[in-house]
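The file run.txt comes next; it holds compact mmCIF, C-alpha atoms and all ligand atoms.
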# COMPACT_ATOMS: atom_id res chain seq x y z
CA MET A 60 40.97 95.21 -42.68
CA THR A 61 39.61 98.77 -42.45
CA GLY A 62 38.03 99.86 -45.69
CA VAL A 63 38.63 96.61 -47.54
CA PRO A 64 35.63 95.84 -49.77
CA LEU A 65 34.04 92.41 -49.40
CA ALA A 66 31.65 90.60 -51.75
CA VAL A 67 29.24 88.22 -50.01
CA LYS A 68 27.63 85.10 -51.45
CA ASP A 69 23.90 85.70 -51.49
CA ILE A 70 23.26 82.84 -49.12
CA ILE A 71 24.74 84.72 -46.15
CA THR A 72 22.60 87.38 -44.48
CA VAL A 73 23.58 91.05 -44.31
CA LYS A 74 21.07 93.14 -42.40
CA GLY A 75 18.98 95.32 -44.69
CA LEU A 76 20.17 93.66 -47.90
CA LYS A 77 18.25 91.12 -49.91
CA ALA A 78 19.22 87.51 -49.29
CA THR A 79 17.81 85.30 -52.01
CA GLY A 80 20.01 82.22 -51.93
CA GLY A 81 19.72 82.32 -55.73
CA SER A 82 16.09 81.25 -55.38
CA LYS A 83 12.80 82.65 -56.62
CA ILE A 84 11.19 81.55 -53.36
CA LEU A 85 13.29 84.19 -51.52
CA GLU A 86 13.16 86.83 -54.26
CA ASN A 87 11.52 89.31 -51.88
CA TYR A 88 13.37 88.46 -48.69
CA THR A 89 15.39 91.17 -46.96
CA ALA A 90 17.62 89.95 -44.15
CA ALA A 91 16.65 91.10 -40.67
CA TYR A 92 20.04 90.43 -39.11
CA ASP A 93 23.75 90.08 -39.85
CA ALA A 94 25.28 86.62 -40.03
CA THR A 95 27.92 86.19 -37.31
CA VAL A 96 30.74 86.37 -39.87
CA ILE A 97 29.32 89.61 -41.25
CA GLU A 98 29.05 91.07 -37.76
CA LYS A 99 32.68 90.13 -37.08
CA LEU A 100 33.95 91.46 -40.40
CA LYS A 101 32.05 94.72 -40.03
CA LYS A 102 33.69 95.16 -36.63
CA ALA A 103 37.06 94.59 -38.29
CA GLY A 104 36.32 97.51 -40.62
CA VAL A 105 35.44 95.60 -43.78
CA VAL A 106 33.05 97.36 -46.17
CA ILE A 107 30.27 95.22 -47.61
CA LEU A 108 30.39 95.82 -51.34
CA GLY A 109 27.39 93.70 -52.28
CA LYS A 110 25.98 90.22 -52.74
CA THR A 111 27.10 87.69 -55.32
CA ASN A 112 25.02 85.30 -57.38
CA CYS A 113 25.09 81.58 -56.56
CA ASP A 114 23.42 78.29 -57.40
CA GLU A 115 20.03 77.97 -55.74
CA PHE A 116 20.60 77.28 -52.03
CA ALA A 117 24.23 76.46 -52.94
CA MET A 118 23.27 73.41 -54.96
CA GLY A 119 25.37 73.19 -58.07
CA SER A 120 28.83 73.18 -59.59
CA SER A 121 28.37 75.70 -62.40
CA ASN A 122 26.19 78.56 -61.16
CA GLU A 123 23.63 77.63 -63.79
CA ASN A 124 21.12 76.72 -61.06
CA SER A 125 20.50 80.31 -60.00
CA TYR A 126 17.03 81.71 -60.59
CA PHE A 127 18.76 84.98 -61.54
CA GLY A 128 20.73 83.44 -64.40
CA PRO A 129 24.24 82.05 -64.71
CA VAL A 130 27.49 83.77 -63.77
CA LEU A 131 30.11 83.84 -66.53
CA ASN A 132 33.76 82.93 -66.07
CA PRO A 133 35.87 86.11 -66.43
CA HIS A 134 38.63 84.10 -68.13
CA ASP A 135 36.26 82.99 -70.89
CA ASN A 136 32.67 84.18 -71.04
CA THR A 137 31.48 81.01 -72.77
CA ARG A 138 32.44 79.01 -69.70
CA VAL A 139 31.06 78.53 -66.20
CA PRO A 140 32.83 80.01 -63.17
CA GLY A 141 32.13 76.86 -61.14
CA GLY A 142 29.67 76.70 -58.30
CA SER A 143 28.03 77.24 -56.12
CA SER A 144 30.06 80.26 -54.94
CA GLY A 145 30.73 81.16 -58.60
CA GLY A 146 29.64 84.78 -58.20
CA SER A 147 32.18 85.35 -55.43
CA ALA A 148 34.98 83.63 -57.39
CA ALA A 149 34.16 85.54 -60.59
CA ALA A 150 33.97 88.87 -58.70
CA ILE A 151 37.54 88.38 -57.47
CA ALA A 152 38.87 87.09 -60.80
CA ALA A 153 37.30 90.07 -62.60
CA ASP A 154 38.80 92.51 -60.09
CA LEU A 155 35.40 93.64 -58.86
CA ALA A 156 36.29 92.78 -55.26
CA PRO A 157 39.58 91.84 -53.58
CA ILE A 158 38.02 89.41 -51.09
CA ALA A 159 34.76 87.48 -50.83
CA LEU A 160 32.82 84.98 -48.77
CA GLY A 161 31.57 81.67 -50.06
CA THR A 162 30.09 78.52 -48.58
CA ASP A 163 31.33 74.99 -49.16
CA THR A 164 29.20 71.88 -48.60
CA GLY A 165 30.92 69.63 -51.14
CA GLY A 166 33.37 71.93 -52.87
CA SER A 167 31.50 75.17 -53.52
CA ILE A 168 34.39 77.40 -52.45
CA ARG A 169 37.27 75.31 -53.75
CA GLN A 170 35.89 74.29 -57.16
CA PRO A 171 34.90 77.82 -58.34
CA ALA A 172 38.18 79.17 -56.93
CA ALA A 173 40.00 76.63 -59.12
CA PHE A 174 37.89 77.47 -62.21
CA CYS A 175 38.45 81.22 -61.77
CA GLY A 176 42.14 81.11 -60.86
CA ILE A 177 41.83 82.43 -57.32
CA VAL A 178 42.41 81.03 -53.80
CA GLY A 179 39.61 79.52 -51.70
CA LEU A 180 39.58 77.92 -48.26
CA LYS A 181 37.05 75.59 -46.71
CA PRO A 182 37.67 75.78 -42.98
CA SER A 183 37.29 72.71 -40.77
CA TYR A 184 33.74 71.86 -39.75
CA GLY A 185 32.95 74.02 -36.71
CA ARG A 186 35.74 76.56 -37.24
CA VAL A 187 33.55 79.38 -38.60
CA SER A 188 30.05 80.11 -37.35
CA ARG A 189 27.30 79.43 -39.87
CA PHE A 190 24.72 81.51 -38.07
CA GLY A 191 23.09 83.57 -40.82
CA SER A 192 24.05 81.22 -43.62
CA MET A 193 21.09 79.46 -45.23
CA ALA A 194 21.44 75.79 -44.34
CA MET A 195 21.92 73.36 -47.21
CA ALA A 196 23.29 70.20 -45.58
CA SER A 197 24.05 71.06 -41.97
CA SER A 198 26.54 68.29 -41.26
CA LEU A 199 28.69 69.47 -44.19
CA ASP A 200 28.23 73.26 -44.63
CA GLN A 201 31.02 75.73 -43.87
CA ILE A 202 31.49 79.43 -44.67
CA GLY A 203 34.95 80.30 -45.92
CA PRO A 204 37.17 83.03 -47.39
CA MET A 205 38.02 83.58 -51.07
CA ALA A 206 40.80 85.92 -52.28
CA ASN A 207 43.62 86.54 -54.74
CA SER A 208 46.37 85.18 -52.51
CA VAL A 209 46.96 82.85 -49.58
CA LYS A 210 48.03 85.88 -47.57
CA ASP A 211 44.67 87.60 -48.08
CA ILE A 212 42.92 84.36 -47.13
CA ALA A 213 44.85 84.35 -43.83
CA TYR A 214 43.84 87.93 -43.07
CA LEU A 215 40.19 87.30 -43.84
CA LEU A 216 40.03 83.98 -41.98
CA SER A 217 41.58 85.54 -38.88
CA GLU A 218 38.55 87.84 -38.57
CA MET A 219 35.97 85.09 -39.21
CA VAL A 220 36.81 82.32 -36.77
CA GLY A 221 35.70 81.64 -33.22
CA PHE A 222 33.01 80.04 -31.11
CA ASP A 223 29.47 81.32 -31.57
CA LYS A 224 26.67 80.38 -29.21
CA HIS A 225 24.18 80.86 -32.06
CA ASP A 226 25.62 77.89 -34.00
CA SER A 227 25.48 74.61 -32.09
CA SER A 228 28.08 73.08 -34.41
CA SER A 229 30.55 75.87 -33.74
CA SER A 230 33.71 74.64 -32.00
CA LYS A 231 35.25 75.93 -28.80
CA ALA A 232 38.69 74.79 -29.96
CA LYS A 233 41.19 77.63 -29.86
CA SER A 234 41.62 79.53 -33.13
CA GLY A 235 45.03 79.42 -34.77
CA ASP A 236 47.49 82.19 -35.50
CA TYR A 237 46.84 82.37 -39.22
CA LEU A 238 49.08 85.31 -39.98
CA SER A 239 52.14 83.73 -38.37
CA ALA A 240 51.34 80.55 -40.27
CA LEU A 241 52.15 82.36 -43.52
CA THR A 242 55.81 82.44 -42.59
CA GLY A 243 55.85 78.99 -41.00
CA ASP A 244 58.48 76.47 -42.15
CA ALA A 245 56.96 74.48 -45.02
CA LYS A 246 59.94 72.11 -45.02
CA LYS A 247 58.85 70.81 -41.64
CA LEU A 248 55.57 69.62 -43.16
CA ARG A 249 55.27 66.19 -44.75
CA VAL A 250 53.19 66.17 -47.88
CA GLY A 251 51.16 63.09 -48.83
CA ILE A 252 50.10 62.24 -52.37
CA PRO A 253 46.95 60.08 -52.13
CA LYS A 254 47.07 57.67 -55.04
CA GLU A 255 43.28 57.44 -55.40
CA TYR A 256 43.16 61.11 -56.41
CA PHE A 257 45.45 60.39 -59.33
CA SER A 258 43.82 57.29 -60.75
CA HIS A 259 40.79 59.30 -61.80
CA ASP A 260 40.13 60.41 -65.35
CA THR A 261 41.69 63.85 -64.94
CA ASP A 262 42.72 66.25 -67.75
CA ALA A 263 46.29 65.64 -68.87
CA ASP A 264 47.16 69.35 -68.46
CA ILE A 265 46.02 69.26 -64.84
CA LYS A 266 48.00 66.10 -64.08
CA GLU A 267 51.09 67.62 -65.67
CA ALA A 268 50.76 70.89 -63.74
CA ILE A 269 50.36 69.02 -60.44
CA GLU A 270 53.30 66.74 -61.17
CA SER A 271 55.53 69.66 -61.98
CA LYS A 272 54.50 71.40 -58.74
CA VAL A 273 55.30 68.24 -56.79
CA LYS A 274 58.72 68.18 -58.42
CA ASN A 275 59.31 71.83 -57.49
CA LEU A 276 58.41 71.03 -53.90
CA LYS A 277 60.79 68.07 -53.83
CA ASP A 278 63.57 70.20 -55.30
CA ALA A 279 62.89 72.81 -52.62
CA GLY A 280 63.46 70.16 -49.93
CA VAL A 281 59.89 69.29 -48.96
CA GLU A 282 59.32 65.67 -48.04
CA ILE A 283 56.76 63.99 -50.31
CA VAL A 284 55.33 60.56 -49.54
CA ASP A 285 52.78 58.33 -51.28
CA VAL A 286 49.70 57.60 -49.20
CA SER A 287 46.31 55.96 -49.67
CA LEU A 288 42.72 56.85 -48.78
CA PRO A 289 41.06 53.57 -49.82
CA TYR A 290 37.45 54.70 -49.45
CA THR A 291 37.84 57.73 -51.71
CA ASP A 292 35.80 56.13 -54.50
CA TYR A 293 32.74 55.98 -52.26
CA ALA A 294 32.86 59.61 -51.13
CA LEU A 295 30.84 61.08 -53.97
CA ALA A 296 28.11 58.45 -53.70
CA ALA A 297 27.88 58.92 -49.93
CA TYR A 298 27.74 62.69 -50.40
CA TYR A 299 24.88 62.47 -52.90
CA LEU A 300 22.86 60.44 -50.38
CA LEU A 301 23.63 62.34 -47.16
CA MET A 302 23.44 65.81 -48.71
CA PRO A 303 19.95 65.51 -50.32
CA ALA A 304 18.62 63.86 -47.15
CA GLU A 305 19.65 66.95 -45.19
CA VAL A 306 18.52 69.30 -47.97
CA SER A 307 15.02 67.82 -47.96
CA SER A 308 14.73 68.56 -44.27
CA ASN A 309 16.39 72.01 -44.30
CA LEU A 310 14.39 73.30 -47.24
CA ALA A 311 11.06 72.38 -45.63
CA ARG A 312 11.12 75.84 -44.02
CA TYR A 313 10.53 77.57 -47.35
CA ASP A 314 6.76 77.49 -47.48
CA GLY A 315 6.09 80.77 -49.25
CA LEU A 316 4.68 82.31 -46.08
CA ARG A 317 7.79 83.03 -44.08
CA TYR A 318 10.76 85.15 -45.28
CA GLY A 319 8.69 87.72 -47.14
CA GLY A 320 6.63 85.16 -48.94
CA LEU A 321 6.00 84.50 -52.57
CA CYS A 322 2.79 86.18 -53.62
CA LEU A 323 0.18 83.89 -55.06
CA ASP A 324 -2.80 85.59 -56.58
CA LYS A 325 -5.15 83.24 -54.75
CA ASN A 326 -6.83 83.42 -51.38
CA ASP A 327 -9.29 80.59 -51.65
CA ILE A 328 -7.00 77.57 -51.64
CA SER A 329 -6.17 75.20 -48.79
CA LEU A 330 -2.84 75.49 -46.95
CA ASP A 331 -1.76 72.21 -48.48
CA LYS A 332 -2.41 73.45 -52.01
CA TRP A 333 -0.71 76.74 -51.18
CA TYR A 334 2.48 74.93 -50.14
CA LYS A 335 2.42 72.76 -53.24
CA GLU A 336 1.87 75.66 -55.58
CA VAL A 337 4.40 77.96 -53.97
CA ARG A 338 7.10 75.29 -53.80
CA SER A 339 6.39 74.24 -57.40
CA ILE A 340 6.85 77.80 -58.63
CA GLY A 341 9.47 78.90 -56.12
CA PHE A 342 12.07 76.13 -56.47
CA GLY A 343 14.15 75.31 -59.54
CA ALA A 344 14.57 71.86 -61.10
CA GLU A 345 17.78 70.85 -59.31
CA THR A 346 16.40 71.90 -55.92
CA LYS A 347 13.25 69.86 -56.51
CA ARG A 348 15.32 66.89 -57.63
CA ARG A 349 17.30 66.95 -54.38
CA ILE A 350 14.24 67.44 -52.17
CA MET A 351 12.58 64.44 -53.81
CA LEU A 352 15.70 62.29 -53.64
CA GLY A 353 16.27 63.25 -50.03
CA THR A 354 12.71 62.52 -49.03
CA TYR A 355 12.97 59.13 -50.71
CA ILE A 356 16.31 58.33 -49.05
CA LEU A 357 14.85 59.11 -45.61
CA SER A 358 11.56 57.31 -46.15
CA ALA A 359 10.64 54.18 -44.18
CA GLY A 360 11.93 51.15 -46.02
CA TYR A 361 14.75 52.98 -47.80
CA TYR A 362 16.36 54.72 -44.83
CA ASP A 363 18.41 51.67 -43.85
CA ALA A 364 19.48 50.87 -47.39
CA TYR A 365 20.54 54.39 -48.30
CA TYR A 366 20.88 56.88 -45.46
CA LYS A 367 22.24 54.52 -42.82
CA GLN A 368 24.58 52.85 -45.26
CA ALA A 369 25.91 56.23 -46.39
CA GLN A 370 26.50 57.19 -42.74
CA ARG A 371 28.55 54.03 -42.30
CA VAL A 372 30.61 54.87 -45.36
CA ARG A 373 31.08 58.35 -43.93
CA THR A 374 32.66 56.83 -40.83
CA LEU A 375 35.04 54.77 -42.98
CA ILE A 376 36.06 57.87 -44.93
CA LYS A 377 36.67 59.74 -41.67
CA HIS A 378 38.90 56.89 -40.50
CA ASP A 379 40.82 57.08 -43.80
CA PHE A 380 41.61 60.73 -43.20
CA ALA A 381 42.43 60.23 -39.51
CA LYS A 382 44.88 57.50 -40.41
CA VAL A 383 46.57 59.41 -43.18
CA PHE A 384 46.91 62.55 -41.05
CA SER A 385 48.86 60.51 -38.50
CA GLN A 386 51.42 59.96 -41.29
CA VAL A 387 51.50 63.30 -43.11
CA ASP A 388 50.63 66.96 -42.41
CA VAL A 389 49.14 67.94 -45.72
CA LEU A 390 47.62 66.09 -48.67
CA LEU A 391 48.19 67.38 -52.18
CA THR A 392 45.65 66.64 -54.93
CA PRO A 393 44.14 68.17 -58.05
CA ALA A 394 41.23 70.50 -57.18
CA THR A 395 39.03 69.39 -60.07
CA PRO A 396 39.19 66.75 -62.82
CA THR A 397 38.73 69.39 -65.54
CA THR A 398 39.19 73.12 -65.92
CA ALA A 399 36.13 75.39 -66.41
CA PHE A 400 33.64 73.72 -68.75
CA LYS A 401 31.30 75.38 -71.24
CA LEU A 402 27.98 76.90 -70.20
CA GLY A 403 25.30 74.32 -70.91
CA GLU A 404 27.82 71.49 -71.31
CA LYS A 405 26.73 69.55 -68.23
CA SER A 406 23.46 71.18 -67.22
CA GLN A 407 21.33 68.43 -68.76
CA ASP A 408 23.36 65.64 -67.19
CA PRO A 409 23.31 65.83 -63.37
CA LEU A 410 25.72 62.91 -62.97
CA GLN A 411 28.41 64.59 -65.09
CA MET A 412 27.86 67.76 -63.08
CA TYR A 413 28.17 65.89 -59.77
CA LEU A 414 31.44 64.32 -60.91
CA SER A 415 33.13 67.71 -60.92
CA ASP A 416 33.10 67.51 -57.09
CA VAL A 417 34.92 64.20 -56.98
CA PHE A 418 38.07 65.63 -55.36
CA THR A 419 36.41 68.08 -53.01
CA VAL A 420 33.56 66.22 -51.25
CA GLY A 421 35.86 64.02 -49.13
CA ALA A 422 36.96 66.98 -46.99
CA ASN A 423 33.35 67.88 -46.16
CA ILE A 424 32.45 64.30 -45.35
CA ALA A 425 35.41 64.03 -42.98
CA GLY A 426 35.06 67.62 -41.67
CA VAL A 427 38.70 68.45 -42.44
CA CYS A 428 39.93 71.70 -44.02
CA GLY A 429 40.95 72.32 -47.61
CA LEU A 430 42.52 75.04 -49.73
CA THR A 431 42.65 75.41 -53.49
CA LEU A 432 45.11 77.67 -55.24
CA PRO A 433 45.98 78.39 -58.88
CA ILE A 434 49.10 76.70 -60.23
CA GLY A 435 49.02 77.52 -63.93
CA LYS A 436 46.92 77.43 -67.08
CA ASP A 437 45.84 74.67 -69.45
CA LYS A 438 46.09 74.65 -73.25
CA ASN A 439 42.95 76.82 -73.49
CA ASP A 440 44.51 79.38 -71.15
CA LEU A 441 42.12 78.40 -68.34
CA PRO A 442 43.26 78.33 -64.70
CA ILE A 443 44.30 75.03 -63.12
CA GLY A 444 43.73 74.55 -59.40
CA MET A 445 45.57 72.45 -56.86
CA GLN A 446 44.08 71.30 -53.57
CA LEU A 447 45.77 70.99 -50.17
CA LEU A 448 43.95 69.18 -47.36
CA ALA A 449 44.83 69.13 -43.66
CA ASP A 450 43.34 67.63 -40.52
CA SER A 451 40.54 69.39 -38.62
CA PHE A 452 41.64 72.67 -37.06
CA SER A 453 44.97 72.57 -38.90
CA GLU A 454 44.28 75.52 -41.20
CA GLU A 455 47.74 76.89 -40.32
CA LYS A 456 49.36 74.01 -42.19
CA LEU A 457 47.36 74.83 -45.32
CA LEU A 458 48.39 78.47 -45.09
CA THR A 459 52.07 77.65 -44.52
CA MET A 460 52.21 75.23 -47.44
CA GLY A 461 49.91 77.33 -49.65
CA ASN A 462 52.01 80.45 -49.18
CA PHE A 463 55.20 78.47 -49.81
CA ILE A 464 53.80 77.06 -53.07
CA GLU A 465 52.60 80.47 -54.18
CA ASN A 466 56.11 81.84 -53.70
CA LEU A 467 57.69 78.92 -55.56
CA LYS A 468 56.25 80.44 -58.73
CA LYS A 469 58.36 83.56 -58.47
N1 LIG A 501 28.60 71.17 -56.19
C1 LIG A 501 28.19 70.47 -55.01
C2 LIG A 501 26.71 70.26 -55.01
O1 LIG A 501 26.11 70.56 -55.99
C3 LIG A 501 28.65 71.21 -53.80
C4 LIG A 501 27.76 72.32 -53.38
C5 LIG A 501 28.32 73.10 -52.24
O2 LIG A 501 29.43 72.87 -51.80
N2 LIG A 501 27.50 73.99 -51.74
O3 LIG A 501 26.13 69.81 -54.07
Could you write out this file's structure as structure tokens?
Ligand code: GLN
Amino acid sequence: MTGVPLAVKDIITVKGLKATGGSKILENYTAAYDATVIEKLKKAGVVILGKTNCDEFAMGSSNENSYFGPVLNPHDNTRVPGGSSGGSAAAIAADLAPIALGTDTGGSIRQPAAFCGIVGLKPSYGRVSRFGSMAMASSLDQIGPMANSVKDIAYLLSEMVGFDKHDSSSSKAKSGDYLSALTGDAKKLRVGIPKEYFSHDTDADIKEAIESKVKNLKDAGVEIVDVSLPYTDYALAAYYLLMPAEVSSNLARYDGLRYGGLCLDKNDISLDKWYKEVRSIGFGAETKRRIMLGTYILSAGYYDAYYKQAQRVRTLIKHDFAKVFSQVDVLLTPATPTTAFKLGEKSQDPLQMYLSDVFTVGANIAGVCGLTLPIGKDKNDLPIGMQLLADSFSEEKLLTMGNFIENLKK
């Protein structure tokens, strides 16, 4: 990896560089230490090229929630690159950087990778240390690699993984051999097609591209079986209860005093008023919406009805995945229900925006790993992404199958 330039989502700390998380409240914050992944990658010889724009504290699917303005999709500048790691995805698609880091709490690596026609991997929960990544929803967050090919993903991932005593969620499970996985035998892997991911209102071009890829796989001798994840329909609702609950708690640390502060031109106000004013000015609309929703969800009287119920649903979804991964090695689904949408198209309608994560949130809820890779273009010449999911700590299977599919094209 010596000399390879890396772009880093601005939610991950690099010592001496600004780390804003796309937020005004951290506009003046300079990181005092390297995130564990940065430390590891620097040791491997990677050169940090710079930071990439993202939705505020990784909350968004279009990159329009950044205080610093939206990122544009290099394939069509009137469209969004996806979010929240849209800056990293766009940097690769525009040939500004060969590899990048993103974070994925509900799809923020995989969805922008799909919109920008690149490859993105969300590792299993616990596989990569999150020390130095600003916490959004701690039971869901993962840092992951983004690149032009599955091969580059394998190289980057190999230098990122491993136990870290600074992250209590980091796993001691042995890391895989990701480079050997590239040449693994894809025909030994059973591929499951979960029917719930195909009943959704997905663009016809996407459906067609996925179906033709499935046919190619069958023709190449890969075993394809139909499977079911019955609780899929509840994943998005559970995510939008659990995630804001955790966001409201994690974002309490931004009080305008720590992390370089946000200068208010007032000295004579109470601490309480200071917090209110700083947080009113410092956070954007979507961040405030989630803090308020999360606070409400966790409040006495509503906790049982919302938070606890969502936790129960989470368990059911986990069981769905556990069951299906006893039958198949890899699941194959569309990455997104649409290709890149227009700037401004969904920004006034949070629900429509949230629906773009419908295929990606399940993996975060269950803690399993997922990869998206480009498989063609739609009628507007926009990239179409396909998603592969595998059980926790089975990243090798994603890399074997992903590399095989990439080579099917040729
Ligand atoms: N788009 C999703 C959201 O807005 C996912 C974000 C993420 O994965 N960081 O919450």
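Neighbours of stretch 448-453 of chain A closer than or equal to 7 Å, with all atoms listed in the file counted and sequence neighbours fewer than 4 positions away skipped, come out as A:Ser183, A:Phe384, A:Asp388, A:Val389, A:Leu390, A:Leu391, A:Gly426, A:Val427, A:Cys428, A:Gly429, A:Leu430, A:Leu457.
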- request: With all atoms listed in the file counted, which protein, DNA or RNA residues have an atom no more than 12 Å from (41.8, 84.0, -54.3) in the file frame? Please answer as a PyMOL selection string.
  value: chain A and resi 147-154+156-161+168-180+203-213+215+430-434+442+444+461-462+465
Now that the selection is made, can you save its residues with C-alpha atoms as a PDB file, in the coordinates of the input?
ATOM      1  CA  SER A 147      32.180  85.350 -55.430  1.00  0.00           C
ATOM      2  CA  ALA A 148      34.980  83.630 -57.390  1.00  0.00           C
ATOM      3  CA  ALA A 149      34.160  85.540 -60.590  1.00  0.00           C
ATOM      4  CA  ALA A 150      33.970  88.870 -58.700  1.00  0.00           C
ATOM      5  CA  ILE A 151      37.540  88.380 -57.470  1.00  0.00           C
ATOM      6  CA  ALA A 152      38.870  87.090 -60.800  1.00  0.00           C
ATOM      7  CA  ALA A 153      37.300  90.070 -62.600  1.00  0.00           C
ATOM      8  CA  ASP A 154      38.800  92.510 -60.090  1.00  0.00           C
ATOM      9  CA  ALA A 156      36.290  92.780 -55.260  1.00  0.00           C
ATOM     10  CA  PRO A 157      39.580  91.840 -53.580  1.00  0.00           C
ATOM     11  CA  ILE A 158      38.020  89.410 -51.090  1.00  0.00           C
ATOM     12  CA  ALA A 159      34.760  87.480 -50.830  1.00  0.00           C
ATOM     13  CA  LEU A 160      32.820  84.980 -48.770  1.00  0.00           C
ATOM     14  CA  GLY A 161      31.570  81.670 -50.060  1.00  0.00           C
ATOM     15  CA  ILE A 168      34.390  77.400 -52.450  1.00  0.00           C
ATOM     16  CA  ARG A 169      37.270  75.310 -53.750  1.00  0.00           C
ATOM     17  CA  GLN A 170      35.890  74.290 -57.160  1.00  0.00           C
ATOM     18  CA  PRO A 171      34.900  77.820 -58.340  1.00  0.00           C
ATOM     19  CA  ALA A 172      38.180  79.170 -56.930  1.00  0.00           C
ATOM     20  CA  ALA A 173      40.000  76.630 -59.120  1.00  0.00           C
ATOM     21  CA  PHE A 174      37.890  77.470 -62.210  1.00  0.00           C
ATOM     22  CA  CYS A 175      38.450  81.220 -61.770  1.00  0.00           C
ATOM     23  CA  GLY A 176      42.140  81.110 -60.860  1.00  0.00           C
ATOM     24  CA  ILE A 177      41.830  82.430 -57.320  1.00  0.00           C
ATOM     25  CA  VAL A 178      42.410  81.030 -53.800  1.00  0.00           C
ATOM     26  CA  GLY A 179      39.610  79.520 -51.700  1.00  0.00           C
ATOM     27  CA  LEU A 180      39.580  77.920 -48.260  1.00  0.00           C
ATOM     28  CA  GLY A 203      34.950  80.300 -45.920  1.00  0.00           C
ATOM     29  CA  PRO A 204      37.170  83.030 -47.390  1.00  0.00           C
ATOM     30  CA  MET A 205      38.020  83.580 -51.070  1.00  0.00           C
ATOM     31  CA  ALA A 206      40.800  85.920 -52.280  1.00  0.00           C
ATOM     32  CA  ASN A 207      43.620  86.540 -54.740  1.00  0.00           C
ATOM     33  CA  SER A 208      46.370  85.180 -52.510  1.00  0.00           C
ATOM     34  CA  VAL A 209      46.960  82.850 -49.580  1.00  0.00           C
ATOM     35  CA  LYS A 210      48.030  85.880 -47.570  1.00  0.00           C
ATOM     36  CA  ASP A 211      44.670  87.600 -48.080  1.00  0.00           C
ATOM     37  CA  ILE A 212      42.920  84.360 -47.130  1.00  0.00           C
ATOM     38  CA  ALA A 213      44.850  84.350 -43.830  1.00  0.00           C
ATOM     39  CA  LEU A 215      40.190  87.300 -43.840  1.00  0.00           C
ATOM     40  CA  LEU A 430      42.520  75.040 -49.730  1.00  0.00           C
ATOM     41  CA  THR A 431      42.650  75.410 -53.490  1.00  0.00           C
ATOM     42  CA  LEU A 432      45.110  77.670 -55.240  1.00  0.00           C
ATOM     43  CA  PRO A 433      45.980  78.390 -58.880  1.00  0.00           C
ATOM     44  CA  ILE A 434      49.100  76.700 -60.230  1.00  0.00           C
ATOM     45  CA  PRO A 442      43.260  78.330 -64.700  1.00  0.00           C
ATOM     46  CA  GLY A 444      43.730  74.550 -59.400  1.00  0.00           C
ATOM     47  CA  GLY A 461      49.910  77.330 -49.650  1.00  0.00           C
ATOM     48  CA  ASN A 462      52.010  80.450 -49.180  1.00  0.00           C
ATOM     49  CA  GLU A 465      52.600  80.470 -54.180  1.00  0.00           C
TER      50      GLU A 465
END
task: Name the residues in contact with A:Val105 at a cut-off of 7 Å, using all atoms listed in the file, excluding same-chain residues fewer than 2 positions from it; report them as a PyMOL selection string.
output: chain A and resi 60-65+100-101+103+107
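Across A:Gly165, A:Tyr298, A:Asn124, A:Gly191, the tightest approach to A:Val67 is made by A:Gly191 when counting all atoms listed in the file.
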- line: Between A:Ser229, A:Asn439, A:Ser192, A:Thr89, smallest distance to A:Lys74 by only C-alpha atoms belongs to A:Thr89
With ligand LIG 501 (chain A) as the partner and 7 Å as the cut-off, tabulate the residues of chain A that qualify, each row holding the nearest pair of atoms and their distance in Å to one decimal, using only C-alpha atoms and all ligand atoms, sorted by chain and rising number, as CSV.
residue,atom,partner,partner_atom,distance
A:Ala117,CA,A:LIG501,N2,4.3
A:Met118,CA,A:LIG501,O1,4.2
A:Gly119,CA,A:LIG501,O1,3.4
A:Ser120,CA,A:LIG501,N1,4.0
A:Gly142,CA,A:LIG501,N1,6.0
A:Ser143,CA,A:LIG501,N2,5.5
A:Thr162,CA,A:LIG501,N2,6.1
A:Asp163,CA,A:LIG501,O2,3.9
A:Thr164,CA,A:LIG501,O2,3.4
A:Gly165,CA,A:LIG501,O2,3.6
A:Gly166,CA,A:LIG501,O2,4.2
A:Ser167,CA,A:LIG501,O2,3.5
A:Ile168,CA,A:LIG501,O2,6.7
A:Tyr413,CA,A:LIG501,O1,6.4
A:Asp416,CA,A:LIG501,N1,5.9
Would you list the residues near (21.2, 85.4, -53.8), meaning any protein, DNA or RNA residue with an atom at most 9 Å from that point in file coordinates, counting all atoms listed in the file, as a tab-separated table (two decimals) with C-alpha atoms, in the frame of the given file?
chain	number	residue	atom	x	y	z
A	68	LYS	CA	27.63	85.10	-51.45
A	69	ASP	CA	23.90	85.70	-51.49
A	70	ILE	CA	23.26	82.84	-49.12
A	71	ILE	CA	24.74	84.72	-46.15
A	77	LYS	CA	18.25	91.12	-49.91
A	78	ALA	CA	19.22	87.51	-49.29
A	79	THR	CA	17.81	85.30	-52.01
A	80	GLY	CA	20.01	82.22	-51.93
A	81	GLY	CA	19.72	82.32	-55.73
A	82	SER	CA	16.09	81.25	-55.38
A	85	LEU	CA	13.29	84.19	-51.52
A	86	GLU	CA	13.16	86.83	-54.26
A	110	LYS	CA	25.98	90.22	-52.74
A	111	THR	CA	27.10	87.69	-55.32
A	112	ASN	CA	25.02	85.30	-57.38
A	113	CYS	CA	25.09	81.58	-56.56
A	114	ASP	CA	23.42	78.29	-57.40
A	115	GLU	CA	20.03	77.97	-55.74
A	116	PHE	CA	20.60	77.28	-52.03
A	125	SER	CA	20.50	80.31	-60.00
A	126	TYR	CA	17.03	81.71	-60.59
A	127	PHE	CA	18.76	84.98	-61.54
message: With only C-alpha atoms as the counted atoms, please give the residues lying no more than 9 Å from A:Gly421, apart from itself and same-chain residues fewer than 2 positions off, as a ChimeraX atom specification.
response: /A:165,291,294-295,298,376-377,380,417-419,423-427
